[in-house]
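Engineer: What follows is run16.csv, CSV, C-alpha atoms.
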chain,number,residue,atom,x,y,z
A,1159,MET,CA,46.8,-40.6,24.5
A,1160,THR,CA,49.5,-38.1,25.2
A,1161,VAL,CA,49.0,-34.5,24.3
A,1162,THR,CA,52.1,-32.5,23.6
A,1163,ILE,CA,51.9,-28.7,24.1
A,1164,THR,CA,54.7,-26.8,22.4
A,1165,ALA,CA,56.2,-23.6,23.7
A,1166,SER,CA,55.1,-21.8,20.6
A,1167,ALA,CA,51.4,-22.9,21.2
A,1168,VAL,CA,51.6,-21.5,24.8
A,1169,LEU,CA,53.0,-18.3,23.4
A,1170,ALA,CA,50.4,-18.1,20.7
A,1171,GLY,CA,47.5,-18.8,23.0
A,1172,GLY,CA,48.6,-17.1,26.1
A,1173,LEU,CA,51.2,-14.3,25.8
A,1174,PHE,CA,50.0,-12.9,22.5
A,1175,THR,CA,46.4,-12.9,23.7
A,1176,GLY,CA,47.4,-11.1,26.8
A,1177,GLN,CA,49.1,-8.5,24.8
A,1178,ALA,CA,46.1,-8.0,22.5
A,1179,TYR,CA,43.9,-7.2,25.5
A,1180,ALA,CA,46.4,-5.1,27.5
A,1181,ALA,CA,44.7,-2.0,28.9
A,1182,PRO,CA,45.9,1.2,27.1
A,1183,PRO,CA,47.9,3.6,29.3
A,1184,THR,CA,45.8,6.2,31.1
A,1185,PRO,CA,46.1,9.5,29.2
A,1186,SER,CA,47.5,12.7,30.6
A,1187,ILE,CA,45.4,15.8,29.8
A,1188,THR,CA,46.0,19.5,30.3
A,1189,ALA,CA,42.4,20.3,31.4
A,1190,ALA,CA,42.0,20.8,35.1
A,1191,GLY,CA,39.2,18.3,35.2
A,1192,GLY,CA,37.9,15.5,33.0
A,1193,PHE,CA,35.5,12.5,33.1
A,1194,VAL,CA,34.6,9.8,30.5
A,1195,MET,CA,32.1,7.0,30.7
A,1196,ASN,CA,30.7,4.3,28.5
A,1197,ASN,CA,27.2,5.7,27.8
A,1198,GLY,CA,25.6,2.3,27.3
A,1199,THR,CA,26.8,0.8,30.6
A,1200,GLY,CA,27.5,3.9,32.7
A,1201,THR,CA,31.0,2.5,33.5
A,1202,THR,CA,33.5,5.1,34.4
A,1203,LEU,CA,36.5,5.0,32.0
A,1204,PHE,CA,38.5,8.0,33.1
A,1205,GLY,CA,38.4,10.7,35.8
A,1206,LYS,CA,40.6,13.6,36.8
A,1207,ALA,CA,39.2,16.0,39.5
A,1208,ALA,CA,35.9,14.6,38.3
A,1209,ASP,CA,33.9,16.0,41.2
A,1210,THR,CA,35.7,19.4,41.6
A,1211,ARG,CA,33.3,22.3,41.0
A,1212,ARG,CA,34.4,24.6,38.3
A,1213,SER,CA,32.9,27.3,36.0
A,1214,THR,CA,31.3,25.7,33.0
A,1215,GLY,CA,30.8,28.5,30.5
A,1216,SER,CA,28.4,27.8,27.7
A,1217,THR,CA,28.2,24.0,28.5
A,1218,THR,CA,25.5,25.3,30.8
A,1219,LYS,CA,23.3,25.6,27.6
A,1220,ILE,CA,22.9,21.8,27.6
A,1221,MET,CA,20.7,22.2,30.6
A,1222,THR,CA,18.9,25.2,29.0
A,1223,ALA,CA,18.0,23.0,26.1
A,1224,LYS,CA,17.1,20.0,28.3
A,1225,VAL,CA,14.6,22.1,30.4
A,1226,VAL,CA,13.0,23.4,27.2
A,1227,LEU,CA,12.6,19.9,25.7
A,1228,ALA,CA,11.1,18.6,29.0
A,1229,GLN,CA,8.2,21.0,28.8
A,1230,ARG,CA,4.8,19.2,28.7
A,1231,GLY,CA,3.0,19.6,25.4
A,1232,LEU,CA,6.0,21.3,23.8
A,1233,ASN,CA,5.4,22.7,20.3
A,1234,LEU,CA,8.7,23.0,18.6
A,1235,ASP,CA,7.1,25.0,15.9
A,1236,ALA,CA,5.6,27.7,18.2
A,1237,LYS,CA,6.9,31.1,17.3
A,1238,VAL,CA,8.8,33.5,19.6
A,1239,THR,CA,9.1,37.2,18.8
A,1240,VAL,CA,12.7,38.4,19.4
A,1241,GLN,CA,12.7,41.2,22.0
A,1242,LYS,CA,15.0,44.2,22.2
A,1243,ALA,CA,16.0,43.0,25.7
A,1244,TYR,CA,17.7,39.9,24.2
A,1245,SER,CA,19.9,42.0,21.9
A,1246,ASP,CA,20.6,44.5,24.6
A,1247,TYR,CA,21.8,41.7,26.9
A,1248,ILE,CA,24.2,40.4,24.2
A,1249,VAL,CA,25.7,43.9,23.9
A,1250,SER,CA,26.0,44.5,27.6
A,1251,LYS,CA,27.7,41.1,28.3
A,1252,ASN,CA,29.7,41.1,25.1
A,1253,ALA,CA,28.3,37.6,24.7
A,1254,SER,CA,28.2,35.0,22.0
A,1255,SER,CA,25.3,35.5,19.7
A,1256,ALA,CA,22.9,33.8,17.3
A,1257,ARG,CA,22.5,37.3,15.8
A,1258,LEU,CA,18.7,37.3,16.3
A,1259,ILE,CA,17.0,40.4,15.0
A,1260,VAL,CA,14.5,42.3,17.0
A,1261,GLY,CA,10.9,41.8,15.8
A,1262,ASP,CA,11.7,38.5,13.9
A,1263,LYS,CA,9.6,35.5,14.7
A,1264,VAL,CA,11.6,32.4,15.3
A,1265,THR,CA,10.4,28.9,16.2
A,1266,VAL,CA,11.4,27.1,19.4
A,1267,ARG,CA,13.2,24.6,17.3
A,1268,GLN,CA,15.2,27.3,15.5
A,1269,LEU,CA,16.1,28.9,18.9
A,1270,LEU,CA,17.5,25.5,20.0
A,1271,TYR,CA,19.8,25.5,16.9
A,1272,GLY,CA,20.7,29.2,17.7
A,1273,LEU,CA,21.4,28.1,21.3
A,1274,MET,CA,23.6,25.1,20.6
A,1275,LEU,CA,25.4,25.8,17.4
A,1276,PRO,CA,26.7,29.4,17.6
A,1277,SER,CA,26.1,29.3,21.4
A,1278,GLY,CA,23.7,32.2,21.2
A,1279,CYS,CA,23.1,33.8,24.6
A,1280,ASP,CA,20.3,35.8,22.9
A,1281,ALA,CA,18.6,32.4,22.0
A,1282,ALA,CA,19.1,31.3,25.6
A,1283,TYR,CA,17.5,34.4,26.9
A,1284,ALA,CA,14.5,34.0,24.5
A,1285,LEU,CA,14.0,30.4,25.6
A,1286,ALA,CA,14.2,31.3,29.3
A,1287,ASP,CA,11.7,34.1,28.8
A,1288,LYS,CA,9.4,31.8,26.8
A,1289,PHE,CA,9.4,28.9,29.2
A,1290,GLY,CA,9.8,30.5,32.6
A,1291,THR,CA,6.6,31.4,34.4
A,1292,GLY,CA,5.7,34.9,35.8
A,1293,THR,CA,4.2,38.2,34.9
A,1294,THR,CA,7.5,40.0,34.4
A,1295,ARG,CA,10.5,39.0,32.4
A,1296,ALA,CA,12.7,39.0,35.6
A,1297,ALA,CA,10.2,36.6,37.2
A,1298,ARG,CA,10.2,34.3,34.2
A,1299,ILE,CA,14.0,34.2,34.0
A,1300,LYS,CA,14.2,33.4,37.8
A,1301,SER,CA,11.6,30.7,37.3
A,1302,PHE,CA,13.5,29.1,34.3
A,1303,ILE,CA,16.8,29.0,36.2
A,1304,GLY,CA,14.9,27.4,39.1
A,1305,LYS,CA,13.8,24.7,36.7
A,1306,MET,CA,17.4,24.2,35.7
A,1307,ASN,CA,18.4,23.6,39.3
A,1308,THR,CA,15.4,21.3,39.9
A,1309,GLU,CA,16.4,19.2,36.9
A,1310,ALA,CA,20.0,19.1,38.2
A,1311,ARG,CA,18.8,17.7,41.5
A,1312,ASN,CA,16.6,15.2,39.8
A,1313,LEU,CA,19.5,13.9,37.8
A,1314,GLY,CA,21.7,13.6,40.9
A,1315,MET,CA,24.0,16.4,39.9
A,1316,ARG,CA,25.2,17.0,43.5
A,1317,ASN,CA,28.0,19.4,42.7
A,1318,THR,CA,26.1,21.6,40.3
A,1319,HIS,CA,24.3,25.0,40.6
A,1320,PHE,CA,23.0,27.3,37.9
A,1321,ASP,CA,22.6,31.1,38.4
A,1322,SER,CA,22.2,31.9,34.7
A,1323,PHE,CA,20.4,30.5,31.6
A,1324,ASP,CA,23.6,30.7,29.4
A,1325,GLY,CA,26.7,30.1,31.6
A,1326,ILE,CA,27.5,33.8,32.1
A,1327,SER,CA,27.9,33.4,35.8
A,1328,ASN,CA,26.5,35.8,38.4
A,1329,GLY,CA,28.9,34.3,41.0
A,1330,SER,CA,27.5,30.8,41.6
A,1331,ASN,CA,27.3,28.9,38.3
A,1332,TYR,CA,29.3,25.7,38.5
A,1333,SER,CA,29.4,22.0,37.8
A,1334,THR,CA,31.8,19.2,37.5
A,1335,PRO,CA,33.0,16.9,34.7
A,1336,ARG,CA,31.0,13.9,36.2
A,1337,ASP,CA,27.8,16.0,36.6
A,1338,LEU,CA,28.0,17.4,33.1
A,1339,THR,CA,28.5,13.9,31.7
A,1340,LYS,CA,25.4,12.8,33.6
A,1341,LEU,CA,23.5,15.7,32.1
A,1342,ALA,CA,24.7,15.0,28.6
A,1343,SER,CA,23.9,11.3,28.8
A,1344,SER,CA,20.3,12.2,29.9
A,1345,ALA,CA,19.9,15.0,27.3
A,1346,MET,CA,21.1,12.6,24.5
A,1347,LYS,CA,18.0,10.4,25.1
A,1348,ASN,CA,15.9,13.2,23.4
A,1349,SER,CA,15.9,12.8,19.6
A,1350,THR,CA,15.5,16.5,18.9
A,1351,PHE,CA,18.5,17.3,21.1
A,1352,ARG,CA,20.6,14.6,19.4
A,1353,THR,CA,19.7,16.0,16.0
A,1354,VAL,CA,20.6,19.6,17.0
A,1355,VAL,CA,23.9,18.9,18.6
A,1356,LYS,CA,25.3,16.7,15.8
A,1357,THR,CA,24.5,19.4,13.2
A,1358,LYS,CA,27.6,21.1,11.8
A,1359,SER,CA,25.8,24.0,10.2
A,1360,THR,CA,22.2,25.0,9.4
A,1361,LYS,CA,20.3,27.6,7.4
A,1362,GLN,CA,17.0,28.6,8.9
A,1363,LYS,CA,14.1,30.6,7.4
A,1364,VAL,CA,12.6,33.0,9.9
A,1365,THR,CA,9.7,35.5,9.6
A,1366,THR,CA,10.6,39.2,9.8
A,1367,LYS,CA,8.7,41.9,11.6
A,1368,THR,CA,7.0,43.0,8.4
A,1369,GLY,CA,5.9,39.5,7.5
A,1370,GLY,CA,8.6,38.7,5.0
A,1371,TYR,CA,11.4,36.3,5.7
A,1372,ARG,CA,15.1,36.0,6.0
A,1373,TYR,CA,17.6,33.2,6.3
A,1374,MET,CA,19.8,32.7,9.4
A,1375,SER,CA,23.0,30.7,9.0
A,1376,TRP,CA,24.6,29.1,12.0
A,1377,SER,CA,27.7,27.0,12.3
A,1378,ASN,CA,28.6,24.8,15.2
A,1379,THR,CA,31.4,25.9,17.6
A,1380,ASN,CA,32.1,22.2,18.3
A,1381,LYS,CA,34.8,21.4,15.7
A,1382,LEU,CA,35.0,17.9,17.0
A,1383,LEU,CA,32.1,17.0,14.7
A,1384,SER,CA,34.5,17.6,11.7
A,1385,THR,CA,37.7,16.3,13.2
A,1386,TYR,CA,36.9,13.1,15.1
A,1387,SER,CA,35.4,10.1,13.4
A,1388,GLY,CA,32.1,9.2,15.0
A,1389,ALA,CA,31.6,12.5,16.9
A,1390,ILE,CA,27.9,13.2,17.7
A,1391,GLY,CA,28.0,16.2,20.0
A,1392,LEU,CA,27.7,18.1,22.3
A,1393,LYS,CA,28.7,21.6,23.5
A,1394,THR,CA,31.6,23.9,23.8
A,1395,GLY,CA,32.2,26.4,26.6
A,1396,SER,CA,34.7,29.1,27.2
A,1397,GLY,CA,35.3,32.2,29.3
A,1398,PRO,CA,37.9,34.0,31.6
A,1399,GLN,CA,37.1,31.6,34.5
A,1400,ALA,CA,35.9,28.6,32.6
A,1401,LYS,CA,38.9,28.7,30.2
A,1402,TYR,CA,38.1,26.1,27.5
A,1403,CYS,CA,35.5,23.4,28.1
A,1404,LEU,CA,33.8,20.7,26.0
A,1405,VAL,CA,31.1,18.2,26.8
A,1406,PHE,CA,31.6,15.5,24.1
A,1407,ALA,CA,30.2,12.2,22.7
A,1408,ALA,CA,31.2,9.9,19.9
A,1409,THR,CA,29.9,6.5,18.7
A,1410,ARG,CA,31.8,3.7,17.0
A,1411,GLY,CA,30.0,0.5,16.2
A,1412,SER,CA,27.7,-0.2,19.1
A,1413,LYS,CA,29.8,1.8,21.7
A,1414,THR,CA,29.1,5.4,22.7
A,1415,VAL,CA,31.7,7.2,24.8
A,1416,ILE,CA,30.6,10.4,26.5
A,1417,GLY,CA,32.4,12.9,28.8
A,1418,ALA,CA,33.5,16.4,29.6
A,1419,VAL,CA,36.7,18.4,30.1
A,1420,LEU,CA,36.8,21.6,32.1
A,1421,ALA,CA,39.4,24.4,32.1
A,1422,SER,CA,41.7,23.3,29.3
A,1423,PRO,CA,44.3,26.1,28.9
A,1424,SER,CA,43.6,26.8,25.2
A,1425,GLU,CA,41.3,25.7,22.3
A,1426,ALA,CA,44.1,23.6,20.8
A,1427,ASN,CA,44.7,21.9,24.2
A,1428,ARG,CA,41.0,21.2,24.6
A,1429,ALA,CA,40.9,19.5,21.2
A,1430,THR,CA,43.9,17.4,22.0
A,1431,ASP,CA,42.6,16.5,25.5
A,1432,VAL,CA,39.2,15.3,24.1
A,1433,LYS,CA,40.7,13.3,21.3
A,1434,LYS,CA,43.0,11.5,23.8
A,1435,LEU,CA,40.1,10.7,26.1
A,1436,LEU,CA,37.9,9.5,23.3
A,1437,ASP,CA,40.7,7.3,21.9
A,1438,TYR,CA,41.2,5.9,25.4
A,1439,GLY,CA,37.5,5.3,25.9
A,1440,PHE,CA,37.1,3.3,22.7
A,1441,ALA,CA,40.3,1.3,23.4
A,1442,ARG,CA,39.1,0.3,26.9
For this file, produce the structure as structure tokens.

Structural biologist:
Amino acid sequence: MTVTITASAVLAGGLFTGQAYAAPPTPSITAAGGFVMNNGTGTTLFGKAADTRRSTGSTTKIMTAKVVLAQRGLNLDAKVTVQKAYSDYIVSKNASSARLIVGDKVTVRQLLYGLMLPSGCDAAYALADKFGTGTTRAARIKSFIGKMNTEARNLGMRNTHFDSFDGISNGSNYSTPRDLTKLASSAMKNSTFRTVVKTKSTKQKVTTKTGGYRYMSWSNTNKLLSTYSGAIGLKTGSGPQAKYCLVFAATRGSKTVIGAVLASPSEANRATDVKKLLDYGFAR
């Protein structure tokens, strides 16, 4: 029996199939550094200066949250009294704030929302003070930052060092796009963390100094949650050195793409960079 293969059949089965699976062009981003991986397989999808150490701004708070959530016997509903030191710190550093009020009692879970949504450096301070060890506040803060660095080593974050609990650097707070992606991938294994970072806004009832209550309303600084289909987190960062950073993740179907950009020149550039990288990641 003779089988005749027509030119059109060859084209339909070969050339068109090849076109359908052609790799998308590698995106160009304005950020100084970027990294993207398939979160399920760990496969690198994109890298630009992925191992160059840079200031990370408030993306540091991902590690703050991770250290808290790793505490043995953690009680998320344990209450923490807001100290004057936390509000004084915000004023002295002109830092982003969860607007915690001195004397209020807030739960650890609420502090995590205050940390990750409005990027509250006061919430970060409260958590470091609560979960560090020592008889003085300074000792507890030092201890907590030590835990952050231990966790970084355990995760194989070779180009990362923390010198603060919130990303306001004291001279040696740095990481890389690849390291921050490793951190994010690990942090996202925790269900509480995942719930917090995908929340666009929240209203939390806290206990006042006099035993009454008030409501705290927090909105997420990560606008990707509202502007990119499938976005599930994670954390913004910005500052004079850090410029505009974002550690990001999105899920479509069974695929989760996760990554980081550091030092985008503007908030608008950061948004464009991240969308390009996510589109590329899902197309790969």

Engineer: Closest to Ala1441 (chain A) among A:Arg1267, A:Leu1203, A:Gly1198, A:Ile1416, using all atoms listed in the file?

Structural biologist: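 Nearest candidate to Ala1441 (chain A) out of A:Arg1267, A:Leu1203, A:Gly1198, A:Ile1416: A:Leu1203.
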
Engineer: Nearest to Ile1187 (chain A): which of A:Gly1314, A:Gly1200, A:Gly1261, A:Gly1205 is it, counting all atoms listed in the file?

Structural biologist: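 Using all atoms listed in the file, the shortest distance to Ile1187 (chain A) belongs to A:Gly1205.
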
Engineer: Need to verify the contact set: region 1283-1299 of chain A, 9 Å, all atoms listed in the file, exclusion of same-chain residues closer than 5 positions in sequence. Can you return it as number ranges by chain?

Structural biologist: A: 1222-1223, 1225-1226, 1229, 1238-1241, 1243-1244, 1247, 1266, 1269-1270, 1273, 1278, 1304-1305, 1322-1324

Engineer: CA of Glu1309 (chain A) and CA of Ser1333 (chain A) are how many Å apart?

Structural biologist: 13.3 Å

Engineer: To one decimal place in Å, what is the distance between CA of Met1221 (chain A) and CA of Thr1188 (chain A)?

Structural biologist: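 CA of Thr1188 (chain A) lies 25.4 Å from CA of Met1221 (chain A).
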
Engineer: With only C-alpha atoms as the atoms that count, which of A:Ala1236, A:Val1260, A:Ala1189, A:Leu1383 lies nearest to Leu1275 (chain A)?

Structural biologist: A:Leu1383

Engineer: What does the distance from CA of Ala1418 (chain A) to CA of Phe1193 (chain A) come to in Å, to one decimal?

Structural biologist: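 Computed distance, CA of Ala1418 (chain A) to CA of Phe1193 (chain A), equals 5.6 Å.
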
Engineer: Need the shell around Lys1347 (chain A): protein/DNA/RNA residues with any atom at most 12 Å away, counting all atoms listed in the file. Skip same-chain ones fewer than 6 positions apart. Format as a list in words?

Structural biologist: Asn1197, Gly1198, Lys1224, Leu1227, Ala1228, Lys1340, Leu1341 and Thr1353 of chain A

Engineer: My list of candidates is A:Ile1220, A:Ser1396, A:Thr1318, A:Pro1423. Which is closest to Arg1352 (chain A) when distances are computed with all atoms listed in the file?

Structural biologist: A:Ile1220

Engineer: From the options A:Asn1196, A:Asn1378, A:Phe1204, A:Arg1410, which residue's atoms come nearest to Thr1184 (chain A), counting only C-alpha atoms?

Structural biologist: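 Closest residue, counting only C-alpha atoms: A:Phe1204.
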
Engineer: Between A:Thr1350, A:Thr1385, A:Thr1218, A:Thr1339, which is the closest to Met1306 (chain A) once you count all atoms listed in the file?

Structural biologist: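 Ranking A:Thr1350, A:Thr1385, A:Thr1218, A:Thr1339 by distance to Met1306 (chain A), first place goes to A:Thr1218.
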
Engineer: What's around Gln1268 (chain A) at 12 Å? Count all atoms listed in the file, leave out sequence neighbours fewer than 5 positions away in its own chain, and write the answer as a PyMOL selection string.

Structural biologist: chain A and resi 1223+1233-1238+1256+1258+1262-1263+1273-1276+1278+1281-1282+1284-1285+1350-1351+1354+1360-1365+1373-1376

Engineer: Where atoms are missing, can you supply N, CA and C atoms for region 1383-1402 of chain A and output the lot as a tab-separated table (two decimals), keeping the file's coordinate frame?

Structural biologist:
chain	number	residue	atom	x	y	z
A	1383	LEU	N	33.04	17.68	15.66
A	1383	LEU	CA	32.10	17.00	14.70
A	1383	LEU	C	32.81	16.84	13.33
A	1384	SER	N	33.76	17.71	13.01
A	1384	SER	CA	34.50	17.60	11.70
A	1384	SER	C	35.82	16.95	11.82
A	1385	THR	N	36.33	16.79	13.04
A	1385	THR	CA	37.70	16.30	13.20
A	1385	THR	C	37.87	14.98	13.86
A	1386	TYR	N	36.76	14.43	14.40
A	1386	TYR	CA	36.90	13.10	15.10
A	1386	TYR	C	35.83	12.17	14.54
A	1387	SER	N	36.29	11.05	14.04
A	1387	SER	CA	35.40	10.10	13.40
A	1387	SER	C	34.38	9.54	14.47
A	1388	GLY	N	33.11	9.67	14.14
A	1388	GLY	CA	32.10	9.20	15.00
A	1388	GLY	C	31.51	10.20	16.01
A	1389	ALA	N	32.06	11.43	16.01
A	1389	ALA	CA	31.60	12.50	16.90
A	1389	ALA	C	30.12	12.78	16.70
A	1390	ILE	N	29.34	12.90	17.78
A	1390	ILE	CA	27.90	13.20	17.70
A	1390	ILE	C	27.45	14.35	18.54
A	1391	GLY	N	28.38	15.09	19.14
A	1391	GLY	CA	28.00	16.20	20.00
A	1391	GLY	C	29.12	16.51	20.98
A	1392	LEU	N	28.96	17.40	21.90
A	1392	LEU	CA	27.70	18.10	22.30
A	1392	LEU	C	27.86	19.58	22.36
A	1393	LYS	N	28.70	20.12	23.30
A	1393	LYS	CA	28.70	21.60	23.50
A	1393	LYS	C	30.00	22.10	24.01
A	1394	THR	N	30.44	23.20	23.38
A	1394	THR	CA	31.60	23.90	23.80
A	1394	THR	C	31.28	24.90	24.95
A	1395	GLY	N	32.32	25.36	25.61
A	1395	GLY	CA	32.20	26.40	26.60
A	1395	GLY	C	33.52	27.13	26.73
A	1396	SER	N	33.49	28.42	27.00
A	1396	SER	CA	34.70	29.10	27.20
A	1396	SER	C	34.45	30.41	28.02
A	1397	GLY	N	35.49	30.97	28.59
A	1397	GLY	CA	35.30	32.20	29.30
A	1397	GLY	C	36.57	32.43	30.20
A	1398	PRO	N	36.70	33.64	30.78
A	1398	PRO	CA	37.90	34.00	31.60
A	1398	PRO	C	38.07	32.99	32.77
A	1399	GLN	N	36.97	32.61	33.43
A	1399	GLN	CA	37.10	31.60	34.50
A	1399	GLN	C	37.03	30.21	34.03
A	1400	ALA	N	36.12	29.95	33.10
A	1400	ALA	CA	35.90	28.60	32.60
A	1400	ALA	C	37.08	28.08	31.77
A	1401	LYS	N	37.85	29.01	31.19
A	1401	LYS	CA	38.90	28.70	30.20
A	1401	LYS	C	38.18	27.93	29.05
A	1402	TYR	N	38.68	26.74	28.64
A	1402	TYR	CA	38.10	26.10	27.50
A	1402	TYR	C	37.51	24.71	27.90
